[in-house]
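Undergrad: Input file: my_file-v8.txt. Contents: compact mmCIF, N, CA and C atoms.
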```txt
# COMPACT_ATOMS: atom_id res chain seq x y z
N MET A 1 37.83 -41.78 21.99
CA MET A 1 36.62 -42.47 21.60
C MET A 1 35.66 -42.56 22.79
N LYS A 2 36.22 -42.77 23.95
CA LYS A 2 35.39 -42.87 25.15
C LYS A 2 34.66 -41.57 25.41
N TYR A 3 35.32 -40.44 25.17
CA TYR A 3 34.70 -39.13 25.37
C TYR A 3 33.49 -38.97 24.46
N VAL A 4 33.63 -39.36 23.20
CA VAL A 4 32.52 -39.24 22.25
C VAL A 4 31.36 -40.13 22.70
N GLU A 5 31.67 -41.34 23.12
CA GLU A 5 30.63 -42.24 23.61
C GLU A 5 29.89 -41.63 24.79
N ASP A 6 30.64 -41.03 25.72
CA ASP A 6 30.02 -40.40 26.90
C ASP A 6 29.13 -39.23 26.50
N ARG A 7 29.60 -38.40 25.58
CA ARG A 7 28.81 -37.24 25.13
C ARG A 7 27.51 -37.69 24.46
N VAL A 8 27.61 -38.71 23.62
CA VAL A 8 26.44 -39.21 22.91
C VAL A 8 25.45 -39.82 23.89
N SER A 9 25.94 -40.55 24.88
CA SER A 9 25.02 -41.16 25.85
C SER A 9 24.32 -40.10 26.70
N LYS A 10 24.99 -38.97 26.95
CA LYS A 10 24.38 -37.91 27.76
C LYS A 10 23.48 -37.00 26.93
N ALA A 11 23.93 -36.60 25.74
CA ALA A 11 23.20 -35.59 24.96
C ALA A 11 22.32 -36.19 23.87
N GLY A 12 22.65 -37.38 23.43
CA GLY A 12 21.94 -37.98 22.30
C GLY A 12 22.68 -37.72 21.00
N SER A 13 22.57 -38.65 20.07
CA SER A 13 23.35 -38.55 18.83
C SER A 13 22.94 -37.38 17.95
N SER A 14 21.71 -36.91 18.07
CA SER A 14 21.29 -35.78 17.23
C SER A 14 21.90 -34.46 17.68
N LYS A 15 22.46 -34.40 18.88
CA LYS A 15 23.03 -33.16 19.40
C LYS A 15 24.56 -33.16 19.40
N VAL A 16 25.17 -34.19 18.85
CA VAL A 16 26.64 -34.27 18.82
C VAL A 16 27.10 -34.22 17.38
N TRP A 17 28.01 -33.30 17.09
CA TRP A 17 28.63 -33.18 15.78
C TRP A 17 30.11 -33.50 15.91
N LEU A 18 30.65 -34.11 14.88
CA LEU A 18 32.09 -34.34 14.82
C LEU A 18 32.68 -33.41 13.77
N THR A 19 33.78 -32.75 14.11
CA THR A 19 34.46 -31.88 13.16
C THR A 19 35.96 -32.10 13.29
N GLY A 20 36.68 -31.73 12.25
CA GLY A 20 38.13 -31.82 12.32
C GLY A 20 38.76 -31.43 11.01
N HIS A 21 40.01 -31.03 11.10
CA HIS A 21 40.80 -30.69 9.92
C HIS A 21 42.06 -31.54 9.93
N SER A 22 42.38 -32.14 8.80
CA SER A 22 43.59 -32.93 8.63
C SER A 22 43.60 -34.09 9.62
N LEU A 23 44.55 -34.11 10.54
CA LEU A 23 44.61 -35.20 11.50
C LEU A 23 43.36 -35.25 12.37
N GLY A 24 42.84 -34.08 12.72
CA GLY A 24 41.59 -34.02 13.49
C GLY A 24 40.43 -34.64 12.74
N ALA A 25 40.43 -34.47 11.41
CA ALA A 25 39.39 -35.09 10.58
C ALA A 25 39.52 -36.60 10.61
N ALA A 26 40.75 -37.09 10.60
CA ALA A 26 40.96 -38.54 10.67
C ALA A 26 40.46 -39.09 12.00
N ILE A 27 40.73 -38.38 13.08
CA ILE A 27 40.27 -38.82 14.40
C ILE A 27 38.75 -38.77 14.48
N ALA A 28 38.16 -37.69 13.94
CA ALA A 28 36.69 -37.58 13.92
C ALA A 28 36.08 -38.69 13.09
N MET A 29 36.72 -39.03 11.98
CA MET A 29 36.23 -40.10 11.12
C MET A 29 36.25 -41.44 11.86
N LEU A 30 37.32 -41.70 12.60
CA LEU A 30 37.40 -42.94 13.38
C LEU A 30 36.35 -42.98 14.48
N ALA A 31 36.16 -41.84 15.14
CA ALA A 31 35.14 -41.78 16.19
C ALA A 31 33.75 -42.01 15.60
N GLY A 32 33.48 -41.40 14.44
CA GLY A 32 32.19 -41.57 13.79
C GLY A 32 31.97 -43.01 13.35
N LYS A 33 33.01 -43.63 12.82
CA LYS A 33 32.91 -45.03 12.39
C LYS A 33 32.63 -45.93 13.59
N ASN A 34 33.31 -45.64 14.69
CA ASN A 34 33.12 -46.40 15.93
C ASN A 34 31.67 -46.27 16.42
N MET A 35 31.14 -45.06 16.38
CA MET A 35 29.77 -44.85 16.84
C MET A 35 28.76 -45.47 15.87
N ALA A 36 29.04 -45.42 14.57
CA ALA A 36 28.13 -46.00 13.58
C ALA A 36 28.02 -47.51 13.78
N LYS A 37 29.12 -48.14 14.16
CA LYS A 37 29.08 -49.59 14.44
C LYS A 37 28.16 -49.89 15.61
N ARG A 38 27.96 -48.92 16.47
CA ARG A 38 27.07 -49.08 17.63
C ARG A 38 25.64 -48.61 17.32
N GLY A 39 25.41 -48.21 16.06
CA GLY A 39 24.08 -47.77 15.67
C GLY A 39 23.79 -46.31 15.94
N LYS A 40 24.79 -45.54 16.31
CA LYS A 40 24.63 -44.11 16.58
C LYS A 40 25.30 -43.34 15.43
N PHE A 41 24.50 -42.68 14.60
CA PHE A 41 25.03 -41.97 13.45
C PHE A 41 25.13 -40.48 13.76
N LEU A 42 26.34 -39.95 13.64
CA LEU A 42 26.62 -38.57 14.03
C LEU A 42 26.86 -37.69 12.81
N GLU A 43 26.37 -36.46 12.89
CA GLU A 43 26.64 -35.47 11.86
C GLU A 43 28.14 -35.17 11.89
N SER A 44 28.78 -35.15 10.73
CA SER A 44 30.23 -34.94 10.68
C SER A 44 30.60 -33.92 9.63
N PHE A 45 31.56 -33.07 9.97
CA PHE A 45 32.09 -32.06 9.05
C PHE A 45 33.60 -32.20 9.05
N LEU A 46 34.13 -32.82 8.00
CA LEU A 46 35.56 -33.11 7.93
C LEU A 46 36.20 -32.24 6.86
N PHE A 47 37.29 -31.60 7.21
CA PHE A 47 37.98 -30.69 6.31
C PHE A 47 39.38 -31.22 6.01
N ASN A 48 39.63 -31.47 4.74
CA ASN A 48 40.94 -31.95 4.27
C ASN A 48 41.40 -33.19 5.04
N PRO A 49 40.56 -34.23 5.08
CA PRO A 49 40.99 -35.44 5.79
C PRO A 49 42.07 -36.16 5.02
N PRO A 50 42.92 -36.90 5.71
CA PRO A 50 43.92 -37.70 5.02
C PRO A 50 43.21 -38.75 4.16
N TYR A 51 43.86 -39.19 3.13
CA TYR A 51 43.27 -40.20 2.27
C TYR A 51 44.23 -41.38 2.16
N ALA A 52 43.66 -42.52 1.91
CA ALA A 52 44.49 -43.71 1.74
C ALA A 52 45.21 -43.60 0.40
N SER A 53 46.48 -43.89 0.42
CA SER A 53 47.25 -43.82 -0.82
C SER A 53 48.15 -45.04 -0.92
N PHE A 54 48.61 -45.26 -2.11
CA PHE A 54 49.52 -46.35 -2.39
C PHE A 54 50.83 -46.11 -1.64
N PRO A 55 51.27 -47.01 -0.76
CA PRO A 55 52.47 -46.77 0.08
C PRO A 55 53.78 -46.96 -0.70
N ILE A 56 54.03 -46.08 -1.67
CA ILE A 56 55.20 -46.27 -2.53
C ILE A 56 56.51 -46.18 -1.77
N GLU A 57 56.55 -45.36 -0.71
CA GLU A 57 57.79 -45.23 0.06
C GLU A 57 58.17 -46.53 0.74
N THR A 58 57.17 -47.31 1.13
CA THR A 58 57.43 -48.58 1.79
C THR A 58 57.82 -49.66 0.78
N ILE A 59 57.08 -49.71 -0.30
CA ILE A 59 57.31 -50.76 -1.29
C ILE A 59 58.64 -50.57 -2.03
N PHE A 60 58.95 -49.31 -2.37
CA PHE A 60 60.16 -49.04 -3.15
C PHE A 60 61.22 -48.32 -2.31
N LYS A 61 61.35 -48.69 -1.04
CA LYS A 61 62.24 -47.97 -0.14
C LYS A 61 63.71 -48.01 -0.56
N ASP A 62 64.09 -49.00 -1.32
CA ASP A 62 65.49 -49.11 -1.75
C ASP A 62 65.76 -48.45 -3.09
N ASN A 63 64.74 -47.94 -3.74
CA ASN A 63 64.93 -47.34 -5.06
C ASN A 63 64.28 -45.95 -5.12
N LYS A 64 65.05 -44.94 -4.76
CA LYS A 64 64.55 -43.56 -4.71
C LYS A 64 64.14 -43.05 -6.09
N ASN A 65 64.78 -43.54 -7.15
CA ASN A 65 64.44 -43.09 -8.50
C ASN A 65 63.03 -43.52 -8.89
N VAL A 66 62.60 -44.70 -8.46
CA VAL A 66 61.24 -45.15 -8.74
C VAL A 66 60.24 -44.27 -8.01
N ILE A 67 60.53 -43.96 -6.76
CA ILE A 67 59.64 -43.10 -5.97
C ILE A 67 59.53 -41.73 -6.63
N ARG A 68 60.66 -41.12 -6.99
CA ARG A 68 60.62 -39.81 -7.64
C ARG A 68 59.87 -39.85 -8.96
N GLY A 69 60.07 -40.91 -9.72
CA GLY A 69 59.37 -41.05 -10.99
C GLY A 69 57.86 -41.14 -10.81
N LEU A 70 57.43 -41.93 -9.83
CA LEU A 70 56.00 -42.05 -9.56
C LEU A 70 55.41 -40.73 -9.07
N GLN A 71 56.14 -40.03 -8.19
CA GLN A 71 55.66 -38.75 -7.69
C GLN A 71 55.54 -37.73 -8.83
N LEU A 72 56.51 -37.71 -9.72
CA LEU A 72 56.46 -36.81 -10.87
C LEU A 72 55.29 -37.16 -11.77
N THR A 73 55.07 -38.43 -12.00
CA THR A 73 53.95 -38.87 -12.84
C THR A 73 52.62 -38.43 -12.25
N ILE A 74 52.45 -38.59 -10.95
CA ILE A 74 51.21 -38.18 -10.28
C ILE A 74 51.02 -36.67 -10.42
N THR A 75 52.10 -35.90 -10.25
CA THR A 75 52.01 -34.45 -10.38
C THR A 75 51.60 -34.05 -11.79
N VAL A 76 52.18 -34.66 -12.79
CA VAL A 76 51.85 -34.35 -14.19
C VAL A 76 50.39 -34.71 -14.48
N ILE A 77 49.94 -35.85 -13.99
CA ILE A 77 48.54 -36.25 -14.20
C ILE A 77 47.60 -35.25 -13.53
N ASN A 78 47.90 -34.86 -12.29
CA ASN A 78 47.05 -33.88 -11.60
C ASN A 78 47.01 -32.57 -12.35
N GLY A 79 48.15 -32.12 -12.83
CA GLY A 79 48.20 -30.88 -13.60
C GLY A 79 47.42 -30.99 -14.90
N GLY A 80 47.53 -32.12 -15.58
CA GLY A 80 46.78 -32.33 -16.81
C GLY A 80 45.28 -32.33 -16.58
N VAL A 81 44.85 -32.96 -15.51
CA VAL A 81 43.42 -32.98 -15.19
C VAL A 81 42.94 -31.56 -14.88
N ALA A 82 43.73 -30.81 -14.12
CA ALA A 82 43.36 -29.42 -13.80
C ALA A 82 43.25 -28.58 -15.07
N LEU A 83 44.19 -28.73 -15.98
CA LEU A 83 44.13 -27.99 -17.25
C LEU A 83 42.92 -28.40 -18.08
N ALA A 84 42.67 -29.70 -18.13
CA ALA A 84 41.53 -30.20 -18.92
C ALA A 84 40.20 -29.69 -18.37
N LEU A 85 40.13 -29.51 -17.05
CA LEU A 85 38.90 -29.02 -16.43
C LEU A 85 38.82 -27.50 -16.41
N GLY A 86 39.89 -26.84 -16.85
CA GLY A 86 39.87 -25.39 -16.95
C GLY A 86 40.26 -24.64 -15.69
N PHE A 87 40.92 -25.30 -14.76
CA PHE A 87 41.36 -24.61 -13.54
C PHE A 87 42.65 -23.84 -13.83
N SER A 88 42.64 -22.56 -13.49
CA SER A 88 43.85 -21.77 -13.73
C SER A 88 44.61 -21.50 -12.44
N GLY A 89 43.99 -21.75 -11.31
CA GLY A 89 44.63 -21.48 -10.04
C GLY A 89 44.34 -20.08 -9.53
N ASP A 90 43.68 -19.26 -10.36
CA ASP A 90 43.36 -17.88 -9.97
C ASP A 90 42.02 -17.78 -9.25
N GLU A 91 41.21 -18.82 -9.33
CA GLU A 91 39.89 -18.80 -8.74
C GLU A 91 39.98 -18.86 -7.22
N ASP A 92 39.05 -18.20 -6.57
CA ASP A 92 38.94 -18.29 -5.12
C ASP A 92 37.98 -19.43 -4.83
N SER A 93 38.50 -20.53 -4.33
CA SER A 93 37.67 -21.71 -4.10
C SER A 93 36.66 -21.51 -2.98
N PHE A 94 36.80 -20.45 -2.19
CA PHE A 94 35.88 -20.20 -1.08
C PHE A 94 34.85 -19.14 -1.43
N ALA A 95 34.89 -18.61 -2.64
CA ALA A 95 33.94 -17.55 -3.03
C ALA A 95 32.58 -18.12 -3.33
```
Show how you would write the structure in this file as structure tokens.
TA:
Amino acid sequence: MKYVEDRVSKAGSSKVWLTGHSLGAAIAMLAGKNMAKRGKFLESFLFNPPYASFPIETIFKDNKNVIRGLQLTITVINGGVALALGFSGDEDSFA
């Protein structure tokens, strides 16, 4: 975070971009949030950032069957939504 602050103070917020993928996106998001609290808004490009999710492993740590059931339910729901929207998996999402 200190590095980002130093770069912004030297170059200005309009010349600093934050980027990251996965864990790097999470770190960039935290750095951006930290700078936004200081009134410096940075352009950010985050790829596949982690998302907050229901901590089922922590809550149901003693009951593996509940965890598996919830994971299966989420998978079925995701698949149903994909089918309903017409995604076949053959499309090139970057085309």
Undergrad: Counting only C-alpha atoms, which of A:Ile67, A:Ala25, A:Leu42, A:Ala36 gets nearest to Arg7 in chain A?
TA: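 Of all the options, A:Leu42 lies closest to Arg7 in chain A.
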Undergrad: Which neighbours of Met29 in chain A fall inside 8 Å, counting all atoms listed in the file, when residues of the same chain fewer than 3 positions from it are skipped, and could you give them as a PDB file with N, CA and C atoms, in the frame of the given file?
TA:
```
ATOM      1  N   LEU A  18      30.650 -34.110  14.880  1.00  0.00           N
ATOM      2  CA  LEU A  18      32.090 -34.340  14.820  1.00  0.00           C
ATOM      3  C   LEU A  18      32.680 -33.410  13.770  1.00  0.00           C
ATOM      4  N   THR A  19      33.780 -32.750  14.110  1.00  0.00           N
ATOM      5  CA  THR A  19      34.460 -31.880  13.160  1.00  0.00           C
ATOM      6  C   THR A  19      35.960 -32.100  13.290  1.00  0.00           C
ATOM      7  N   GLY A  20      36.680 -31.730  12.250  1.00  0.00           N
ATOM      8  CA  GLY A  20      38.130 -31.820  12.320  1.00  0.00           C
ATOM      9  C   GLY A  20      38.760 -31.430  11.010  1.00  0.00           C
ATOM     10  N   LEU A  23      44.550 -34.110  10.540  1.00  0.00           N
ATOM     11  CA  LEU A  23      44.610 -35.200  11.500  1.00  0.00           C
ATOM     12  C   LEU A  23      43.360 -35.250  12.370  1.00  0.00           C
ATOM     13  N   GLY A  24      42.840 -34.080  12.720  1.00  0.00           N
ATOM     14  CA  GLY A  24      41.590 -34.020  13.490  1.00  0.00           C
ATOM     15  C   GLY A  24      40.430 -34.640  12.740  1.00  0.00           C
ATOM     16  N   ALA A  25      40.430 -34.470  11.410  1.00  0.00           N
ATOM     17  CA  ALA A  25      39.390 -35.090  10.580  1.00  0.00           C
ATOM     18  C   ALA A  25      39.520 -36.600  10.610  1.00  0.00           C
ATOM     19  N   ALA A  26      40.750 -37.090  10.600  1.00  0.00           N
ATOM     20  CA  ALA A  26      40.960 -38.540  10.670  1.00  0.00           C
ATOM     21  C   ALA A  26      40.460 -39.090  12.000  1.00  0.00           C
ATOM     22  N   GLY A  32      33.480 -41.400  14.440  1.00  0.00           N
ATOM     23  CA  GLY A  32      32.190 -41.570  13.790  1.00  0.00           C
ATOM     24  C   GLY A  32      31.970 -43.010  13.350  1.00  0.00           C
ATOM     25  N   LYS A  33      33.010 -43.630  12.820  1.00  0.00           N
ATOM     26  CA  LYS A  33      32.910 -45.030  12.390  1.00  0.00           C
ATOM     27  C   LYS A  33      32.630 -45.930  13.590  1.00  0.00           C
ATOM     28  N   ASN A  34      33.310 -45.640  14.690  1.00  0.00           N
ATOM     29  CA  ASN A  34      33.120 -46.400  15.930  1.00  0.00           C
ATOM     30  C   ASN A  34      31.670 -46.270  16.420  1.00  0.00           C
ATOM     31  N   MET A  35      31.140 -45.060  16.380  1.00  0.00           N
ATOM     32  CA  MET A  35      29.770 -44.850  16.840  1.00  0.00           C
ATOM     33  C   MET A  35      28.760 -45.470  15.870  1.00  0.00           C
ATOM     34  N   SER A  44      28.780 -35.150  10.730  1.00  0.00           N
ATOM     35  CA  SER A  44      30.230 -34.940  10.680  1.00  0.00           C
ATOM     36  C   SER A  44      30.600 -33.920   9.630  1.00  0.00           C
ATOM     37  N   LEU A  46      34.130 -32.820   8.000  1.00  0.00           N
ATOM     38  CA  LEU A  46      35.560 -33.110   7.930  1.00  0.00           C
ATOM     39  C   LEU A  46      36.200 -32.240   6.860  1.00  0.00           C
TER      40      LEU A  46
END
```
Undergrad: From a DSSP calculation on the backbone, collect every residue of range 18-86 of chain A in strand (DSSP E) and output the set as a list in words.
TA: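 Answer for range 18-86 of chain A restricted to strand (DSSP E) is Leu18, Thr19, Gly20, His21, Glu43, Ser44, Phe45, Leu46 and Phe47 of chain A.
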Undergrad: If I take CA of Glu5 in chain A and CA of Lys40 in chain A, how far is one from the other in Å, to one decimal?
TA: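 CA of Glu5 in chain A sits 9.4 Å away from CA of Lys40 in chain A.
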Undergrad: Hey, which of A:Ala31, A:Leu70, A:Asp62, A:Asn48 ends up closest to Val8 in chain A? Count only C-alpha atoms.
TA: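 Looking at the shortest contact to Val8 in chain A, the residue is A:Ala31.
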Undergrad: Could you check how far CA of Gln71 in chain A sits from CA of Pro55 in chain A, in Å to one decimal?
TA: 11.6 Å
Undergrad: So for range 38-50 of chain A, what box centre and size do we get, axis-aligned, 5 Å extra on each of the six sides, every listed atom, Å to one decimal, as lines of an AutoDock Vina configuration file?
TA:
```
center_x = 33.9
center_y = -39.9
center_z = 10.9
size_x = 30.1
size_y = 28.4
size_z = 23.5
```
Undergrad: May I ask for the distance between CA of His21 in chain A and CA of Phe45 in chain A, given in Å to one decimal place?
TA: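 Here the two named atoms are 8.9 Å from each other.
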Undergrad: Counting all atoms listed in the file, which of A:Ile27, A:Ala11, A:Ala84, A:Val16 gets nearest to Glu43 in chain A?
TA: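 Of A:Ile27, A:Ala11, A:Ala84, A:Val16, the one nearest Glu43 in chain A is A:Val16, counting all atoms listed in the file.
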Undergrad: Can you tell me, as a ChimeraX atom specification, which residues in range 18-58 of chain A count as alpha helix (DSSP H) by DSSP?
TA: /A:23-37,56-58
Undergrad: When you get a chance, write out all heavy atoms for range 77-88 of chain A, as a PDB file, in the frame of the given file.
TA:
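Wrote rebuild.pdb, looks like this:
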```
ATOM      1  N   ILE A  77      49.940 -35.850 -13.990  1.00  0.00           N
ATOM      2  CA  ILE A  77      48.540 -36.250 -14.200  1.00  0.00           C
ATOM      3  C   ILE A  77      47.600 -35.250 -13.530  1.00  0.00           C
ATOM      4  O   ILE A  77      46.612 -34.821 -14.144  1.00  0.00           O
ATOM      5  CB  ILE A  77      48.298 -37.684 -13.681  1.00  0.00           C
ATOM      6  CG1 ILE A  77      49.017 -38.691 -14.582  1.00  0.00           C
ATOM      7  CG2 ILE A  77      46.806 -37.992 -13.590  1.00  0.00           C
ATOM      8  CD1 ILE A  77      49.029 -40.103 -14.034  1.00  0.00           C
ATOM      9  N   ASN A  78      47.900 -34.860 -12.290  1.00  0.00           N
ATOM     10  CA  ASN A  78      47.050 -33.880 -11.600  1.00  0.00           C
ATOM     11  C   ASN A  78      47.010 -32.570 -12.350  1.00  0.00           C
ATOM     12  O   ASN A  78      45.949 -31.943 -12.487  1.00  0.00           O
ATOM     13  CB  ASN A  78      47.535 -33.664 -10.171  1.00  0.00           C
ATOM     14  CG  ASN A  78      47.218 -34.826  -9.262  1.00  0.00           C
ATOM     15  OD1 ASN A  78      46.339 -35.622  -9.548  1.00  0.00           O
ATOM     16  ND2 ASN A  78      47.933 -34.922  -8.157  1.00  0.00           N
ATOM     17  N   GLY A  79      48.150 -32.120 -12.830  1.00  0.00           N
ATOM     18  CA  GLY A  79      48.200 -30.880 -13.600  1.00  0.00           C
ATOM     19  C   GLY A  79      47.420 -30.990 -14.900  1.00  0.00           C
ATOM     20  O   GLY A  79      46.711 -30.054 -15.291  1.00  0.00           O
ATOM     21  N   GLY A  80      47.530 -32.120 -15.580  1.00  0.00           N
ATOM     22  CA  GLY A  80      46.780 -32.330 -16.810  1.00  0.00           C
ATOM     23  C   GLY A  80      45.280 -32.330 -16.580  1.00  0.00           C
ATOM     24  O   GLY A  80      44.529 -31.744 -17.369  1.00  0.00           O
ATOM     25  N   VAL A  81      44.850 -32.960 -15.510  1.00  0.00           N
ATOM     26  CA  VAL A  81      43.420 -32.980 -15.190  1.00  0.00           C
ATOM     27  C   VAL A  81      42.940 -31.560 -14.880  1.00  0.00           C
ATOM     28  O   VAL A  81      41.879 -31.135 -15.341  1.00  0.00           O
ATOM     29  CB  VAL A  81      43.128 -33.937 -14.000  1.00  0.00           C
ATOM     30  CG1 VAL A  81      41.709 -33.759 -13.490  1.00  0.00           C
ATOM     31  CG2 VAL A  81      43.379 -35.376 -14.412  1.00  0.00           C
ATOM     32  N   ALA A  82      43.730 -30.810 -14.120  1.00  0.00           N
ATOM     33  CA  ALA A  82      43.360 -29.420 -13.800  1.00  0.00           C
ATOM     34  C   ALA A  82      43.250 -28.580 -15.070  1.00  0.00           C
ATOM     35  O   ALA A  82      42.304 -27.799 -15.221  1.00  0.00           O
ATOM     36  CB  ALA A  82      44.382 -28.815 -12.836  1.00  0.00           C
ATOM     37  N   LEU A  83      44.190 -28.730 -15.980  1.00  0.00           N
ATOM     38  CA  LEU A  83      44.130 -27.990 -17.250  1.00  0.00           C
ATOM     39  C   LEU A  83      42.920 -28.400 -18.080  1.00  0.00           C
ATOM     40  O   LEU A  83      42.224 -27.558 -18.651  1.00  0.00           O
ATOM     41  CB  LEU A  83      45.408 -28.191 -18.054  1.00  0.00           C
ATOM     42  CG  LEU A  83      46.630 -27.418 -17.588  1.00  0.00           C
ATOM     43  CD1 LEU A  83      47.865 -27.843 -18.379  1.00  0.00           C
ATOM     44  CD2 LEU A  83      46.400 -25.920 -17.720  1.00  0.00           C
ATOM     45  N   ALA A  84      42.670 -29.700 -18.130  1.00  0.00           N
ATOM     46  CA  ALA A  84      41.530 -30.200 -18.920  1.00  0.00           C
ATOM     47  C   ALA A  84      40.200 -29.690 -18.370  1.00  0.00           C
ATOM     48  O   ALA A  84      39.267 -29.438 -19.125  1.00  0.00           O
ATOM     49  CB  ALA A  84      41.550 -31.722 -18.946  1.00  0.00           C
ATOM     50  N   LEU A  85      40.130 -29.510 -17.050  1.00  0.00           N
ATOM     51  CA  LEU A  85      38.900 -29.020 -16.430  1.00  0.00           C
ATOM     52  C   LEU A  85      38.820 -27.500 -16.410  1.00  0.00           C
ATOM     53  O   LEU A  85      37.829 -26.937 -15.971  1.00  0.00           O
ATOM     54  CB  LEU A  85      38.767 -29.578 -15.009  1.00  0.00           C
ATOM     55  CG  LEU A  85      38.590 -31.089 -14.921  1.00  0.00           C
ATOM     56  CD1 LEU A  85      38.580 -31.547 -13.469  1.00  0.00           C
ATOM     57  CD2 LEU A  85      37.307 -31.526 -15.621  1.00  0.00           C
ATOM     58  N   GLY A  86      39.890 -26.840 -16.850  1.00  0.00           N
ATOM     59  CA  GLY A  86      39.870 -25.390 -16.950  1.00  0.00           C
ATOM     60  C   GLY A  86      40.260 -24.640 -15.690  1.00  0.00           C
ATOM     61  O   GLY A  86      39.963 -23.463 -15.567  1.00  0.00           O
ATOM     62  N   PHE A  87      40.920 -25.300 -14.760  1.00  0.00           N
ATOM     63  CA  PHE A  87      41.360 -24.610 -13.540  1.00  0.00           C
ATOM     64  C   PHE A  87      42.650 -23.840 -13.830  1.00  0.00           C
ATOM     65  O   PHE A  87      43.609 -24.401 -14.339  1.00  0.00           O
ATOM     66  CB  PHE A  87      41.616 -25.585 -12.393  1.00  0.00           C
ATOM     67  CG  PHE A  87      40.384 -26.269 -11.906  1.00  0.00           C
ATOM     68  CD1 PHE A  87      40.278 -27.647 -11.947  1.00  0.00           C
ATOM     69  CD2 PHE A  87      39.318 -25.548 -11.399  1.00  0.00           C
ATOM     70  CE1 PHE A  87      39.141 -28.294 -11.498  1.00  0.00           C
ATOM     71  CE2 PHE A  87      38.179 -26.176 -10.942  1.00  0.00           C
ATOM     72  CZ  PHE A  87      38.088 -27.554 -11.000  1.00  0.00           C
ATOM     73  N   SER A  88      42.640 -22.560 -13.490  1.00  0.00           N
ATOM     74  CA  SER A  88      43.850 -21.770 -13.730  1.00  0.00           C
ATOM     75  C   SER A  88      44.610 -21.500 -12.440  1.00  0.00           C
ATOM     76  O   SER A  88      45.738 -21.045 -12.459  1.00  0.00           O
ATOM     77  CB  SER A  88      43.493 -20.431 -14.383  1.00  0.00           C
ATOM     78  OG  SER A  88      42.738 -19.636 -13.490  1.00  0.00           O
TER      79      SER A  88
END
```
